[in-house]
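K.L.:
What follows is a single structure, and I will ask about it in a moment.
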Amino acid sequence: MSEEPNAPLVFVAAASAETPPRGSFVAVVRTREDFTRWLGKPPPGLEWLEVEGLLGDPDAWAVAAQGASAIPLDVVMSNPATEFSDLYRLVDVHMVRDVRVTMPATPGFMKALRLAAALQLPVRLLPGQPSAESLSELHAAADFYLHDSVVEAPVEFFHSFLAAAQGVISPTLWEILEQDPAIFVRLDIDARVRRSSDFVTTHLRQLVGQNAECATCHWQAQCAGYFKQPDPTYSCHGVKELFAYLQTAAEEIAHDLVSGVPVTS
């Protein structure tokens with residue numbers, strides 16, 4: 001952990017990080033060579049490796065399955081609809097270290113989500129500004145997460161949204177998805193900060209000042225303008241329906257807990 005309790009977590013490109021940053025950080029690896037090097041000799045402060053573009057490389061995962069170190073992995077998919085079968089490569093890796101799968105909610109992502117759940121891998125869904133097709137799949141994904149018995153590991157952002165709806169925690173979607181630069185500081189290849197620490201508050205303030213949907217939105221505290229980036233004119237009608245569905249599910253879960261009814265995923 002960082003020496004400062006509330007210090008932000010810094011994400012650095014592994015290829016450019018000759019000297020690891022002080023405190024807690026995440027290294028973003030994009031080549032097998034960097035992946036192998038950081039797995040073999042993880043420096044102090046390294047919290048996990050964010051792995052991009054390597055899911056199709058069987059040799060990389062053979063190394064990761066050896067367990068030379070216990071560094072956790074966040075495996076980022078670029079096209080889950082076509083890459084989903086590559087998730088089988090993570091089975092042996094998951095036996096020796098923590099592994100999470102991050103995937104964009106692009107059309108067809110349900111194939112990857114279902115397989116990741118079957119393999120008991122936690123998932124982080126990045127919804128972006130979903131199309132009508134992706135919104136339909138997000139509804140299906142939420143239903144799958146809530147009701148399918150195969151699901152044992154968390155699926156974000158559903159997991160934390162449900163917890164927040166019951167008063168357990170109260171993060172914004174930016175925080176849940178690790179995209180709030182006040183907490184998760186991403187550096188570019190030249191070690192420059194991509195977004196200022198006040199990006200989320202400034203973004204939301206501008207949206208409210210422009211009388212965007214956010215100004216009167218029931219979900220403003222949870223979303224904080226997440227779905228208005230990068231296009232501030234994006235219609236959140238479908239997103240609000242998804243939030244309402246999750247809110248109803250959270251209320252039903254709370255009712256079942258009070259009533260002593262067993263709660264299933």
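Naming scheme: A, B, ... for chains in displayed order of the structure tokens; residues 1 onward per chain; ligands 1 onward as shown.
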Give me the residues near Arg89 (chain A) as a list of chain:residue names, where near means some atom within 9 Å (using only C-alpha atoms) and where sequence neighbours in that chain fewer than 6 positions away do not count.

P.N.:
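Contacts, with the query itself left out: A:Leu55, A:Gly56, A:Asp57, A:Pro58, A:Trp61, A:Ala62.
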
K.L.:
Which parts of region 57-222 of chain A does DSSP call helix (DSSP H, G or I) when run on the backbone here, written out as number ranges by chain?

P.N.:
A: 58-64, 80-94, 109-118, 132-147, 158-165, 173-176, 199-209, 213-216, 220-222

K.L.:
As an MDAnalysis selection string, please: all residues of region 79-246 of chain A that backbone DSSP puts in strand (DSSP E or B).

P.N.:
chainID A and resid 99:104 123:126 155:156 184:187 193

K.L.:
Export all heavy atoms of the chosen residues as a compact mmCIF listing (two decimals), in the first residue's frame?

P.N.:
# COMPACT_ATOMS: atom_id res chain seq x y z
N VAL A 99 -7.21 -13.03 -10.90
CA VAL A 99 -7.37 -12.56 -12.27
C VAL A 99 -8.76 -11.93 -12.41
O VAL A 99 -9.75 -12.51 -11.99
CB VAL A 99 -7.24 -13.71 -13.29
CG1 VAL A 99 -7.41 -13.17 -14.71
CG2 VAL A 99 -5.91 -14.42 -13.15
N ARG A 100 -8.79 -10.75 -12.99
CA ARG A 100 -10.05 -10.11 -13.35
C ARG A 100 -10.07 -9.88 -14.85
O ARG A 100 -9.01 -9.67 -15.46
CB ARG A 100 -10.20 -8.77 -12.62
CG ARG A 100 -11.52 -8.06 -12.94
CD ARG A 100 -11.66 -6.74 -12.21
NE ARG A 100 -10.72 -5.74 -12.70
CZ ARG A 100 -10.63 -4.49 -12.22
NH1 ARG A 100 -11.39 -4.12 -11.21
NH2 ARG A 100 -9.75 -3.65 -12.71
N VAL A 101 -11.26 -9.90 -15.42
CA VAL A 101 -11.42 -9.62 -16.84
C VAL A 101 -12.16 -8.29 -17.01
O VAL A 101 -13.21 -8.09 -16.42
CB VAL A 101 -12.20 -10.74 -17.55
CG1 VAL A 101 -12.41 -10.40 -19.02
CG2 VAL A 101 -11.48 -12.07 -17.41
N THR A 102 -11.58 -7.40 -17.79
CA THR A 102 -12.22 -6.13 -18.11
C THR A 102 -12.62 -6.16 -19.58
O THR A 102 -11.81 -6.51 -20.44
CB THR A 102 -11.26 -4.95 -17.86
OG1 THR A 102 -11.08 -4.81 -16.44
CG2 THR A 102 -11.84 -3.65 -18.41
N MET A 103 -13.88 -5.79 -19.85
CA MET A 103 -14.34 -5.82 -21.23
C MET A 103 -15.27 -4.64 -21.52
O MET A 103 -16.05 -4.23 -20.66
CB MET A 103 -15.07 -7.13 -21.53
CG MET A 103 -16.34 -7.36 -20.74
SD MET A 103 -17.12 -8.98 -21.08
CE MET A 103 -16.01 -10.10 -20.21
N PRO A 104 -15.16 -4.07 -22.72
CA PRO A 104 -16.12 -3.03 -23.11
C PRO A 104 -17.47 -3.66 -23.40
O PRO A 104 -17.54 -4.80 -23.88
CB PRO A 104 -15.49 -2.44 -24.38
CG PRO A 104 -14.71 -3.58 -24.97
CD PRO A 104 -14.18 -4.36 -23.79
N VAL A 123 -15.48 -9.73 -13.24
CA VAL A 123 -15.57 -8.97 -14.48
C VAL A 123 -15.80 -7.49 -14.18
O VAL A 123 -16.56 -7.15 -13.27
CB VAL A 123 -16.71 -9.50 -15.38
CG1 VAL A 123 -16.93 -8.59 -16.59
CG2 VAL A 123 -16.41 -10.92 -15.85
N ARG A 124 -15.14 -6.63 -14.96
CA ARG A 124 -15.43 -5.20 -14.94
C ARG A 124 -15.96 -4.83 -16.33
O ARG A 124 -15.22 -4.92 -17.32
CB ARG A 124 -14.17 -4.39 -14.61
CG ARG A 124 -14.39 -2.87 -14.64
CD ARG A 124 -13.15 -2.10 -14.24
NE ARG A 124 -11.98 -2.40 -15.04
CZ ARG A 124 -11.04 -1.51 -15.38
NH1 ARG A 124 -11.15 -0.24 -14.99
NH2 ARG A 124 -9.99 -1.88 -16.09
N LEU A 125 -17.23 -4.46 -16.40
CA LEU A 125 -17.84 -4.04 -17.66
C LEU A 125 -17.67 -2.54 -17.84
O LEU A 125 -18.04 -1.77 -16.95
CB LEU A 125 -19.33 -4.37 -17.67
CG LEU A 125 -19.75 -5.82 -17.93
CD1 LEU A 125 -21.27 -5.93 -17.76
CD2 LEU A 125 -19.35 -6.24 -19.34
N LEU A 126 -17.13 -2.12 -18.96
CA LEU A 126 -16.98 -0.70 -19.27
C LEU A 126 -18.06 -0.32 -20.28
O LEU A 126 -17.93 -0.61 -21.47
CB LEU A 126 -15.58 -0.42 -19.83
CG LEU A 126 -14.40 -0.79 -18.92
CD1 LEU A 126 -13.08 -0.47 -19.61
CD2 LEU A 126 -14.51 -0.06 -17.59
N VAL A 155 -19.58 -8.89 -10.80
CA VAL A 155 -19.59 -8.23 -12.10
C VAL A 155 -19.83 -6.75 -11.85
O VAL A 155 -20.88 -6.36 -11.34
CB VAL A 155 -20.69 -8.80 -13.03
CG1 VAL A 155 -20.74 -8.00 -14.35
CG2 VAL A 155 -20.46 -10.28 -13.32
N GLU A 156 -18.83 -5.94 -12.15
CA GLU A 156 -18.97 -4.49 -11.99
C GLU A 156 -19.38 -3.89 -13.33
O GLU A 156 -18.99 -4.37 -14.38
CB GLU A 156 -17.63 -3.86 -11.55
CG GLU A 156 -17.14 -4.32 -10.19
CD GLU A 156 -17.99 -3.84 -9.03
OE1 GLU A 156 -19.11 -3.30 -9.25
OE2 GLU A 156 -17.55 -4.01 -7.89
N PHE A 184 -7.68 7.29 -9.50
CA PHE A 184 -6.92 6.42 -10.40
C PHE A 184 -6.25 7.31 -11.46
O PHE A 184 -6.89 7.75 -12.41
CB PHE A 184 -7.85 5.39 -11.05
CG PHE A 184 -8.64 4.59 -10.05
CD1 PHE A 184 -9.93 4.94 -9.72
CD2 PHE A 184 -8.06 3.49 -9.43
CE1 PHE A 184 -10.65 4.20 -8.79
CE2 PHE A 184 -8.76 2.75 -8.49
CZ PHE A 184 -10.07 3.11 -8.17
N VAL A 185 -4.99 7.57 -11.26
CA VAL A 185 -4.24 8.52 -12.09
C VAL A 185 -3.55 7.77 -13.23
O VAL A 185 -2.64 6.97 -12.99
CB VAL A 185 -3.20 9.29 -11.26
CG1 VAL A 185 -2.45 10.27 -12.15
CG2 VAL A 185 -3.87 10.00 -10.10
N ARG A 186 -3.98 8.04 -14.44
CA ARG A 186 -3.38 7.36 -15.60
C ARG A 186 -2.39 8.30 -16.29
O ARG A 186 -2.72 9.45 -16.60
CB ARG A 186 -4.46 6.91 -16.59
CG ARG A 186 -5.26 5.73 -16.05
CD ARG A 186 -6.20 5.14 -17.08
NE ARG A 186 -6.82 3.92 -16.55
CZ ARG A 186 -6.35 2.69 -16.72
NH1 ARG A 186 -5.25 2.51 -17.44
NH2 ARG A 186 -6.95 1.64 -16.21
N LEU A 187 -1.20 7.77 -16.51
CA LEU A 187 -0.15 8.52 -17.18
C LEU A 187 0.00 8.02 -18.60
O LEU A 187 -0.16 6.83 -18.87
CB LEU A 187 1.18 8.37 -16.44
CG LEU A 187 1.18 8.69 -14.93
CD1 LEU A 187 2.59 8.50 -14.37
CD2 LEU A 187 0.67 10.08 -14.66
N VAL A 193 0.06 13.24 -16.94
CA VAL A 193 -1.29 12.91 -16.47
C VAL A 193 -2.29 13.15 -17.59
O VAL A 193 -2.32 14.22 -18.20
CB VAL A 193 -1.65 13.77 -15.23
CG1 VAL A 193 -3.08 13.50 -14.80
CG2 VAL A 193 -0.69 13.48 -14.09

K.L.:
What are the closest atom pairs, with distances in Å to one decimal, for each residue of region 27-131 of chain A lying within 9 Å of region 226-232 of chain A, using only C-alpha atoms, rows by chain and rising residue number, as CSV?

P.N.:
residue,atom,partner,partner_atom,distance
A:Pro127,CA,A:Phe227,CA,8.4
A:Gly128,CA,A:Phe227,CA,6.6
A:Gln129,CA,A:Phe227,CA,5.6
A:Pro130,CA,A:Phe227,CA,8.5

K.L.:
Only all heavy atoms, please: the residues just picked out, written as a JSON list (two decimals), in the first residue's frame.

P.N.:
[["chain", "number", "residue", "atom", "x", "y", "z"],
["A", 127, "PRO", "N", -19.15, 0.30, -19.82],
["A", 127, "PRO", "CA", -20.29, 0.55, -20.71],
["A", 127, "PRO", "C", -20.06, 1.65, -21.73],
["A", 127, "PRO", "O", -20.68, 1.65, -22.80],
["A", 127, "PRO", "CB", -21.43, 0.91, -19.74],
["A", 127, "PRO", "CG", -20.73, 1.47, -18.55],
["A", 127, "PRO", "CD", -19.44, 0.70, -18.44],
["A", 128, "GLY", "N", -19.19, 2.62, -21.42],
["A", 128, "GLY", "CA", -19.00, 3.74, -22.34],
["A", 128, "GLY", "C", -20.33, 4.44, -22.59],
["A", 128, "GLY", "O", -21.11, 4.68, -21.67],
["A", 129, "GLN", "N", -20.60, 4.75, -23.85],
["A", 129, "GLN", "CA", -21.90, 5.29, -24.25],
["A", 129, "GLN", "C", -22.58, 4.22, -25.11],
["A", 129, "GLN", "O", -22.44, 4.22, -26.34],
["A", 129, "GLN", "CB", -21.73, 6.62, -25.00],
["A", 129, "GLN", "CG", -21.20, 7.73, -24.10],
["A", 129, "GLN", "CD", -21.09, 9.08, -24.81],
["A", 129, "GLN", "OE1", -20.57, 9.16, -25.92],
["A", 129, "GLN", "NE2", -21.57, 10.12, -24.14],
["A", 130, "PRO", "N", -23.29, 3.29, -24.48],
["A", 130, "PRO", "CA", -23.77, 2.10, -25.18],
["A", 130, "PRO", "C", -24.81, 2.39, -26.25],
["A", 130, "PRO", "O", -25.68, 3.24, -26.08],
["A", 130, "PRO", "CB", -24.36, 1.25, -24.06],
["A", 130, "PRO", "CG", -24.72, 2.23, -22.99],
["A", 130, "PRO", "CD", -23.67, 3.30, -23.06]]

K.L.:
Of the candidates A:Ala132, A:Ala153, A:Leu246, A:Leu138, which shows the shortest atom-to-atom distance to Tyr234 (chain A), using only C-alpha atoms?

P.N.:
A:Ala132

K.L.:
Please, what distance in Å, to one decimal, runs between CA of Arg97 (chain A) and CA of Ser24 (chain A)?

P.N.:
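CA of Ser24 (chain A) lies at a distance of 18.7 Å from CA of Arg97 (chain A).
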
K.L.:
Ala15 (chain A): which residues within 9 Å, counting only C-alpha atoms, same-chain residues fewer than 5 positions away excluded, as a list in words?

P.N.:
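Selected residues are Ala27, Val28, Val29, Arg30, Thr31, Asp34 and Ile189 of chain A.
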
K.L.:
Taking into account only C-alpha atoms, which residue in the set A:Leu162, A:Ala221, A:Arg37, A:Pro44 is nearest to Gly23 (chain A)?

P.N.:
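Looking at the shortest contact to Gly23 (chain A), the residue is A:Pro44.
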
K.L.:
Between CA of Leu173 (chain A) and CA of Cys223 (chain A), what distance in Å does the model show, to one decimal?

P.N.:
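One can read the CA of Leu173 (chain A) to CA of Cys223 (chain A) distance as 5.2 Å.
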
K.L.:
I'd like the interatomic distance between CA of Pro80 (chain A) and CA of Ala116 (chain A), to a tenth of an Å.

P.N.:
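Computing it gives 10.6 Å between the two atoms.
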
K.L.:
My list of candidates is A:Thr233, A:Gln166, A:His203, A:Gly209. Which is closest to Ala254 (chain A) when distances are computed with only C-alpha atoms?

P.N.:
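Checking each of A:Thr233, A:Gln166, A:His203, A:Gly209 against Ala254 (chain A), counting only C-alpha atoms, the winner is A:Gln166.
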
K.L.:
Of the residues A:Val26, A:Val76, A:Ala140, A:Leu39, which is the one nearest to Leu54 (chain A), using only C-alpha atoms?

P.N.:
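Nearest candidate to Leu54 (chain A) out of A:Val26, A:Val76, A:Ala140, A:Leu39: A:Val76.
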